[in-house]
Amino acid sequence: MVSQFINKVYLVTGAASGMGLATAETLLKLGARLALCDINESSLEKVVDELDSEQRSRTFAQVVDVTDQDAVRNFLEKTKLRFGKLDGVANFAGTGGHGLGSEPIWETCAEEYEFILNLNVKGLFNILTKALSPGFLAQGASVVHIGSMFSLQGFKNGAVFAASKHAALGMVRSAAKETGERVRVNCILPGVIDTPMHRANLARVKDFTPTPTTPIPRSGSAQEVAEVTVFLLSDESSFVTGVAWSVDGGANA
Ligand SMILES: NC(=O)c1ccc[n+]([C@@H]2O[C@H](COP(=O)([O-])OP(=O)(O)OC[C@H]3O[C@@H](n4cnc5c(N)ncnc54)[C@H](O)[C@@H]3O)[C@@H](O)[C@H]2O)c1
């Protein structure tokens, strides 16, 4: 697989932590050139500082809030200027919100609704409206969005999060129908994945058990999601578009 990534350029959002970071690290090991962004400046700086000089020479990193449409557009354009082309985008920037697992819908305030929808849905909209415009991405490019196992089922005490992940999957599937062979657009649906976000939920909510029983009864690792993301970004998946690809230990089986 290594050689096909040498001439590839990918953009990863939410790259300073969790699954986005694992994906960025994997793509760098495979030889790709990367544009990394995150809203968390200090974490992003740390990620770049820890790269070796050769990897740093293939990396362009910038603080970007994906909810800011102009900032997203500028970063996509700058990436193309820097590397001459863009072969794909992996969008990991997202949130579970502040009350995931503890707040029923009747206790959820409008500000929380706006926060979650703005990041998990409008963030994706901001990326797709620019990235999928004809001629922007390379022919045959690939966009991968990170949904959730709750893109396909309800989440008790997580209704707005589940709604945002359902909406994003609908946007991905529709976009895949619009772009056809020009750009493949797919959605990964992680189950419970051991990342800083998941650990924060565990610390906040006693008995945080989104999936009480799964065929593979453990949490997944960020690397297990990164491997599927890299496959969907790569030419190895050239006939795969519009899919909702679960990486959830069978939680949606
Ligand atoms: N961890 C899980 O169990 C799990 C399960 C299902 C889905 N997900 C989804 O996977 C995605 C990645 O989650 P993770 O667990 O790796 O989380 P994480 O918190 O470890 O990483 C998310 C990164 O996104 C960044 N980010 C947040 N808001 C941003 C913004 N406005 N603009 C740019 N960057 C922003 C954060 O700073 C962070 O670095 C999210 O969309 C999350 O909803 C996570």
# chains A, B, ... in the order shown; residues from 1 in each chain; ligands from 1

$ select_by_dssp --residues "segment 103-157 of chain A" --states "helix (DSSP H, G or I)" --output "list in words"
Ile105, Trp106, Glu107, Ala110, Glu111, Glu112, Tyr113, Glu114, Phe115, Ile116, Leu117, Asn118, Leu119, Asn120, Val121, Lys122, Gly123, Leu124, Phe125, Asn126, Ile127, Leu128, Thr129, Lys130, Ala131, Met149, Phe150 and Ser151 of chain A

$ residues_around --residues "Arg56 of chain A" --least-positions-apart "4" --cutoff "10 Å" --atoms "only C-alpha atoms" --output "count of residues only"
11

$ closest_residue --among "A:Lys46, A:His98, A:Arg58, A:Arg182" --to "Leu27 of chain A" --atoms "only C-alpha atoms"
A:Arg58

$ residues_near_ligand --ligand "ligand 1" --cutoff "7 Å" --atoms "only C-alpha atoms and all ligand atoms" --output "MDAnalysis selection string"
chainID A and resid 13:20 37:40 64:67 92:96 119:120 146:149 189:198 222

$ write_last_selection --atoms "C-alpha atoms" --output "PDB file, in the first residue's frame"
ATOM      1  CA  THR A  13      -9.746  18.079  10.469  1.00  0.00           C
ATOM      2  CA  GLY A  14      -9.809  17.432  14.208  1.00  0.00           C
ATOM      3  CA  ALA A  15      -6.235  16.261  13.696  1.00  0.00           C
ATOM      4  CA  ALA A  16      -4.901  17.148  17.156  1.00  0.00           C
ATOM      5  CA  SER A  17      -6.584  14.329  19.070  1.00  0.00           C
ATOM      6  CA  GLY A  18      -8.180  10.907  19.006  1.00  0.00           C
ATOM      7  CA  MET A  19      -9.109   9.336  15.685  1.00  0.00           C
ATOM      8  CA  GLY A  20      -8.071  12.361  13.590  1.00  0.00           C
ATOM      9  CA  CYS A  37      -6.298  21.544  11.253  1.00  0.00           C
ATOM     10  CA  ASP A  38      -7.914  21.741  14.648  1.00  0.00           C
ATOM     11  CA  ILE A  39      -9.506  24.384  16.832  1.00  0.00           C
ATOM     12  CA  ASN A  40      -7.139  23.522  19.696  1.00  0.00           C
ATOM     13  CA  VAL A  64      -9.254  26.296  11.899  1.00  0.00           C
ATOM     14  CA  ASP A  65     -12.725  26.250  13.413  1.00  0.00           C
ATOM     15  CA  VAL A  66     -14.743  24.092  11.015  1.00  0.00           C
ATOM     16  CA  THR A  67     -17.932  25.955  11.944  1.00  0.00           C
ATOM     17  CA  PHE A  92     -13.010  14.206  12.343  1.00  0.00           C
ATOM     18  CA  ALA A  93     -13.849  17.557  13.977  1.00  0.00           C
ATOM     19  CA  GLY A  94     -16.968  16.874  15.989  1.00  0.00           C
ATOM     20  CA  THR A  95     -18.574  16.839  19.403  1.00  0.00           C
ATOM     21  CA  GLY A  96     -20.779  14.779  21.655  1.00  0.00           C
ATOM     22  CA  LEU A 119     -20.213  21.553  14.630  1.00  0.00           C
ATOM     23  CA  ASN A 120     -21.456  18.117  13.571  1.00  0.00           C
ATOM     24  CA  ILE A 146     -16.907  10.568  10.782  1.00  0.00           C
ATOM     25  CA  GLY A 147     -20.471   9.913  11.839  1.00  0.00           C
ATOM     26  CA  SER A 148     -21.349   7.535  14.657  1.00  0.00           C
ATOM     27  CA  MET A 149     -23.085   4.261  15.337  1.00  0.00           C
ATOM     28  CA  LEU A 189     -19.716   5.082  11.927  1.00  0.00           C
ATOM     29  CA  PRO A 190     -17.543   4.483  15.005  1.00  0.00           C
ATOM     30  CA  GLY A 191     -18.903   2.706  18.046  1.00  0.00           C
ATOM     31  CA  VAL A 192     -17.319   3.329  21.426  1.00  0.00           C
ATOM     32  CA  ILE A 193     -13.730   4.358  20.693  1.00  0.00           C
ATOM     33  CA  ASP A 194     -11.123   4.987  23.371  1.00  0.00           C
ATOM     34  CA  THR A 195     -10.197   8.628  22.726  1.00  0.00           C
ATOM     35  CA  PRO A 196      -9.897  11.746  24.914  1.00  0.00           C
ATOM     36  CA  MET A 197     -13.537  12.538  24.010  1.00  0.00           C
ATOM     37  CA  HIS A 198     -14.739   9.153  25.232  1.00  0.00           C
ATOM     38  CA  ALA A 222      -8.404   5.237  17.416  1.00  0.00           C
TER      39      ALA A 222
END

$ select_by_dssp --residues "segment 11-149 of chain A" --states "strand (DSSP E or B)" --output "PyMOL selection string"
chain A and resi 11-13+33-38+59-63+88-91+141-146

$ residues_around --residues "Gln223 of chain A" --least-positions-apart "4" --cutoff "8 Å" --atoms "only C-alpha atoms" --output "number ranges by chain"
A: 19, 22-23, 227

$ closest_residue --among "A:Glu114, A:Glu224, A:Asp70, A:Glu107" --to "Asn126 of chain A" --atoms "only C-alpha atoms"
A:Asp70

$ residues_around --residues "Gln69 of chain A" --least-positions-apart "3" --cutoff "9 Å" --atoms "only C-alpha atoms" --output "PyMOL selection string"
chain A and resi 65-66+72-74+122-123+125-127

$ write_last_selection --atoms "C-alpha atoms" --output "PDB file, in the first residue's frame"
ATOM      1  CA  ASP A  65     -12.725  26.250  13.413  1.00  0.00           C
ATOM      2  CA  VAL A  66     -14.743  24.092  11.015  1.00  0.00           C
ATOM      3  CA  VAL A  72     -12.696  26.373   6.082  1.00  0.00           C
ATOM      4  CA  ARG A  73     -12.726  27.701   2.526  1.00  0.00           C
ATOM      5  CA  ASN A  74      -9.461  29.578   3.051  1.00  0.00           C
ATOM      6  CA  LYS A 122     -22.625  22.729   9.519  1.00  0.00           C
ATOM      7  CA  GLY A 123     -18.931  21.857   9.866  1.00  0.00           C
ATOM      8  CA  PHE A 125     -21.539  21.425   5.126  1.00  0.00           C
ATOM      9  CA  ASN A 126     -18.734  24.006   5.170  1.00  0.00           C
ATOM     10  CA  ILE A 127     -16.240  21.402   3.966  1.00  0.00           C
TER      11      ILE A 127
END

$ closest_residue --among "A:Thr79, A:Thr229, A:Gln62, A:Ser238" --to "Asn91 of chain A" --atoms "only C-alpha atoms"
A:Thr229

$ atom_distance --atom1 "atom CA of Arg218 of chain A" --atom2 "atom CA of Leu36 of chain A"
29.6 Å

$ closest_residue --among "A:Cys187, A:Ala203, A:Leu152, A:Val143" --to "Val243 of chain A" --atoms "only C-alpha atoms"
A:Cys187

$ residues_around --residues "segment 162-167 of chain A" --least-positions-apart "4" --cutoff "8 Å" --atoms "only C-alpha atoms" --output "PyMOL selection string"
chain A and resi 116-117+120-121+147-148+150-155+158+171

$ write_last_selection --atoms "N, CA and C atoms" --output "PDB file, in the first residue's frame"
ATOM      1  N   ILE A 116     -24.150  21.672  19.002  1.00  0.00           N
ATOM      2  CA  ILE A 116     -23.921  20.339  18.417  1.00  0.00           C
ATOM      3  C   ILE A 116     -24.187  20.344  16.909  1.00  0.00           C
ATOM      4  N   LEU A 117     -25.322  20.924  16.512  1.00  0.00           N
ATOM      5  CA  LEU A 117     -25.656  20.935  15.075  1.00  0.00           C
ATOM      6  C   LEU A 117     -24.648  21.765  14.276  1.00  0.00           C
ATOM      7  N   ASN A 120     -21.353  19.440  14.202  1.00  0.00           N
ATOM      8  CA  ASN A 120     -21.456  18.117  13.571  1.00  0.00           C
ATOM      9  C   ASN A 120     -22.140  18.132  12.201  1.00  0.00           C
ATOM     10  N   VAL A 121     -22.917  19.166  11.913  1.00  0.00           N
ATOM     11  CA  VAL A 121     -23.600  19.218  10.616  1.00  0.00           C
ATOM     12  C   VAL A 121     -23.074  20.383   9.772  1.00  0.00           C
ATOM     13  N   GLY A 147     -19.150   9.866  11.209  1.00  0.00           N
ATOM     14  CA  GLY A 147     -20.471   9.913  11.839  1.00  0.00           C
ATOM     15  C   GLY A 147     -20.400   9.222  13.186  1.00  0.00           C
ATOM     16  N   SER A 148     -21.312   8.270  13.390  1.00  0.00           N
ATOM     17  CA  SER A 148     -21.349   7.535  14.657  1.00  0.00           C
ATOM     18  C   SER A 148     -22.258   6.333  14.473  1.00  0.00           C
ATOM     19  N   PHE A 150     -24.535   6.051  16.167  1.00  0.00           N
ATOM     20  CA  PHE A 150     -25.824   6.710  16.386  1.00  0.00           C
ATOM     21  C   PHE A 150     -26.259   7.542  15.168  1.00  0.00           C
ATOM     22  N   SER A 151     -25.620   7.304  14.016  1.00  0.00           N
ATOM     23  CA  SER A 151     -26.166   7.791  12.736  1.00  0.00           C
ATOM     24  C   SER A 151     -27.296   6.869  12.294  1.00  0.00           C
ATOM     25  N   LEU A 152     -27.382   5.693  12.929  1.00  0.00           N
ATOM     26  CA  LEU A 152     -28.360   4.679  12.490  1.00  0.00           C
ATOM     27  C   LEU A 152     -29.322   4.250  13.588  1.00  0.00           C
ATOM     28  N   GLN A 153     -29.139   4.739  14.806  1.00  0.00           N
ATOM     29  CA  GLN A 153     -30.043   4.356  15.900  1.00  0.00           C
ATOM     30  C   GLN A 153     -30.139   5.500  16.898  1.00  0.00           C
ATOM     31  N   GLY A 154     -31.161   5.456  17.732  1.00  0.00           N
ATOM     32  CA  GLY A 154     -31.341   6.488  18.749  1.00  0.00           C
ATOM     33  C   GLY A 154     -30.357   6.321  19.897  1.00  0.00           C
ATOM     34  N   PHE A 155     -30.080   7.438  20.577  1.00  0.00           N
ATOM     35  CA  PHE A 155     -29.165   7.441  21.726  1.00  0.00           C
ATOM     36  C   PHE A 155     -29.965   7.969  22.917  1.00  0.00           C
ATOM     37  N   GLY A 158     -29.113  11.306  24.402  1.00  0.00           N
ATOM     38  CA  GLY A 158     -28.183  11.880  23.417  1.00  0.00           C
ATOM     39  C   GLY A 158     -28.927  12.176  22.127  1.00  0.00           C
ATOM     40  N   MET A 171     -26.355  13.834   4.488  1.00  0.00           N
ATOM     41  CA  MET A 171     -25.624  14.761   3.615  1.00  0.00           C
ATOM     42  C   MET A 171     -24.562  14.011   2.817  1.00  0.00           C
TER      43      MET A 171
END

$ closest_residue --among "A:Ala24, A:Ala71, A:Gly135, A:Gly97" --to "Lys85 of chain A" --atoms "only C-alpha atoms"
A:Gly135

$ atom_distance --atom1 "atom CA of Arg184 of chain A" --atom2 "atom CA of Ser3 of chain A"
20.8 Å

$ residues_around --residues "Gly99 of chain A" --least-positions-apart "6" --cutoff "9 Å" --atoms "only C-alpha atoms" --output "list in words"
Thr108, Glu112, Asn157, Gly158, Asn201, Arg204 and Val205 of chain A

$ write_last_selection --atoms "C-alpha atoms" --output "PDB file, in the first residue's frame"
ATOM      1  CA  THR A 108     -31.567  20.000  26.491  1.00  0.00           C
ATOM      2  CA  GLU A 112     -26.678  23.050  23.266  1.00  0.00           C
ATOM      3  CA  ASN A 157     -29.940  10.898  26.634  1.00  0.00           C
ATOM      4  CA  GLY A 158     -28.183  11.880  23.417  1.00  0.00           C
ATOM      5  CA  ASN A 201     -17.589  11.284  28.871  1.00  0.00           C
ATOM      6  CA  ARG A 204     -18.440  13.052  33.538  1.00  0.00           C
ATOM      7  CA  VAL A 205     -21.195  10.424  33.516  1.00  0.00           C
TER       8      VAL A 205
END

$ atom_distance --atom1 "atom CA of Tyr113 of chain A" --atom2 "atom CA of Phe161 of chain A"
8.4 Å

$ closest_residue --among "A:Gly180, A:Gly31, A:Gly170, A:Gly250" --to "Gln139 of chain A" --atoms "only C-alpha atoms"
A:Gly180

$ decode --residues "segment 67-86 of chain A" --atoms "N, CA and C atoms" --output "PDB file, in the first residue's frame"
ATOM      1  N   THR A  67     -16.614  25.321  12.012  1.00  0.00           N
ATOM      2  CA  THR A  67     -17.932  25.955  11.944  1.00  0.00           C
ATOM      3  C   THR A  67     -17.872  27.314  11.232  1.00  0.00           C
ATOM      4  N   ASP A  68     -16.652  27.781  10.965  1.00  0.00           N
ATOM      5  CA  ASP A  68     -16.460  29.082  10.307  1.00  0.00           C
ATOM      6  C   ASP A  68     -16.257  28.830   8.802  1.00  0.00           C
ATOM      7  N   GLN A  69     -17.284  29.144   8.026  1.00  0.00           N
ATOM      8  CA  GLN A  69     -17.251  28.794   6.599  1.00  0.00           C
ATOM      9  C   GLN A  69     -16.083  29.445   5.860  1.00  0.00           C
ATOM     10  N   ASP A  70     -15.813  30.723   6.156  1.00  0.00           N
ATOM     11  CA  ASP A  70     -14.712  31.399   5.461  1.00  0.00           C
ATOM     12  C   ASP A  70     -13.372  30.763   5.814  1.00  0.00           C
ATOM     13  N   ALA A  71     -13.214  30.423   7.107  1.00  0.00           N
ATOM     14  CA  ALA A  71     -11.943  29.812   7.539  1.00  0.00           C
ATOM     15  C   ALA A  71     -11.733  28.463   6.864  1.00  0.00           C
ATOM     16  N   VAL A  72     -12.799  27.691   6.733  1.00  0.00           N
ATOM     17  CA  VAL A  72     -12.696  26.373   6.082  1.00  0.00           C
ATOM     18  C   VAL A  72     -12.325  26.557   4.615  1.00  0.00           C
ATOM     19  N   ARG A  73     -13.002  27.463   3.950  1.00  0.00           N
ATOM     20  CA  ARG A  73     -12.726  27.701   2.526  1.00  0.00           C
ATOM     21  C   ARG A  73     -11.284  28.161   2.314  1.00  0.00           C
ATOM     22  N   ASN A  74     -10.836  29.078   3.181  1.00  0.00           N
ATOM     23  CA  ASN A  74      -9.461  29.578   3.051  1.00  0.00           C
ATOM     24  C   ASN A  74      -8.450  28.466   3.253  1.00  0.00           C
ATOM     25  N   PHE A  75      -8.715  27.609   4.230  1.00  0.00           N
ATOM     26  CA  PHE A  75      -7.754  26.533   4.520  1.00  0.00           C
ATOM     27  C   PHE A  75      -7.710  25.528   3.355  1.00  0.00           C
ATOM     28  N   LEU A  76      -8.867  25.203   2.800  1.00  0.00           N
ATOM     29  CA  LEU A  76      -8.881  24.303   1.639  1.00  0.00           C
ATOM     30  C   LEU A  76      -8.099  24.930   0.474  1.00  0.00           C
ATOM     31  N   GLU A  77      -8.318  26.197   0.251  1.00  0.00           N
ATOM     32  CA  GLU A  77      -7.620  26.869  -0.856  1.00  0.00           C
ATOM     33  C   GLU A  77      -6.116  26.935  -0.611  1.00  0.00           C
ATOM     34  N   LYS A  78      -5.737  27.281   0.635  1.00  0.00           N
ATOM     35  CA  LYS A  78      -4.310  27.362   0.976  1.00  0.00           C
ATOM     36  C   LYS A  78      -3.630  26.009   0.800  1.00  0.00           C
ATOM     37  N   THR A  79      -4.342  24.939   1.151  1.00  0.00           N
ATOM     38  CA  THR A  79      -3.769  23.591   1.029  1.00  0.00           C
ATOM     39  C   THR A  79      -3.454  23.298  -0.432  1.00  0.00           C
ATOM     40  N   LYS A  80      -4.387  23.657  -1.310  1.00  0.00           N
ATOM     41  CA  LYS A  80      -4.151  23.417  -2.740  1.00  0.00           C
ATOM     42  C   LYS A  80      -2.989  24.256  -3.261  1.00  0.00           C
ATOM     43  N   LEU A  81      -2.931  25.501  -2.793  1.00  0.00           N
ATOM     44  CA  LEU A  81      -1.816  26.358  -3.221  1.00  0.00           C
ATOM     45  C   LEU A  81      -0.486  25.779  -2.758  1.00  0.00           C
ATOM     46  N   ARG A  82      -0.474  25.302  -1.512  1.00  0.00           N
ATOM     47  CA  ARG A  82       0.758  24.780  -0.916  1.00  0.00           C
ATOM     48  C   ARG A  82       1.246  23.514  -1.624  1.00  0.00           C
ATOM     49  N   PHE A  83       0.301  22.575  -1.888  1.00  0.00           N
ATOM     50  CA  PHE A  83       0.705  21.267  -2.415  1.00  0.00           C
ATOM     51  C   PHE A  83       0.359  21.066  -3.902  1.00  0.00           C
ATOM     52  N   GLY A  84      -0.390  21.989  -4.479  1.00  0.00           N
ATOM     53  CA  GLY A  84      -0.705  21.892  -5.910  1.00  0.00           C
ATOM     54  C   GLY A  84      -1.951  21.099  -6.229  1.00  0.00           C
ATOM     55  N   LYS A  85      -2.438  20.329  -5.272  1.00  0.00           N
ATOM     56  CA  LYS A  85      -3.652  19.534  -5.494  1.00  0.00           C
ATOM     57  C   LYS A  85      -4.146  19.022  -4.148  1.00  0.00           C
ATOM     58  N   LEU A  86      -5.332  18.421  -4.155  1.00  0.00           N
ATOM     59  CA  LEU A  86      -5.863  17.809  -2.933  1.00  0.00           C
ATOM     60  C   LEU A  86      -6.618  16.542  -3.327  1.00  0.00           C
TER      61      LEU A  86
END
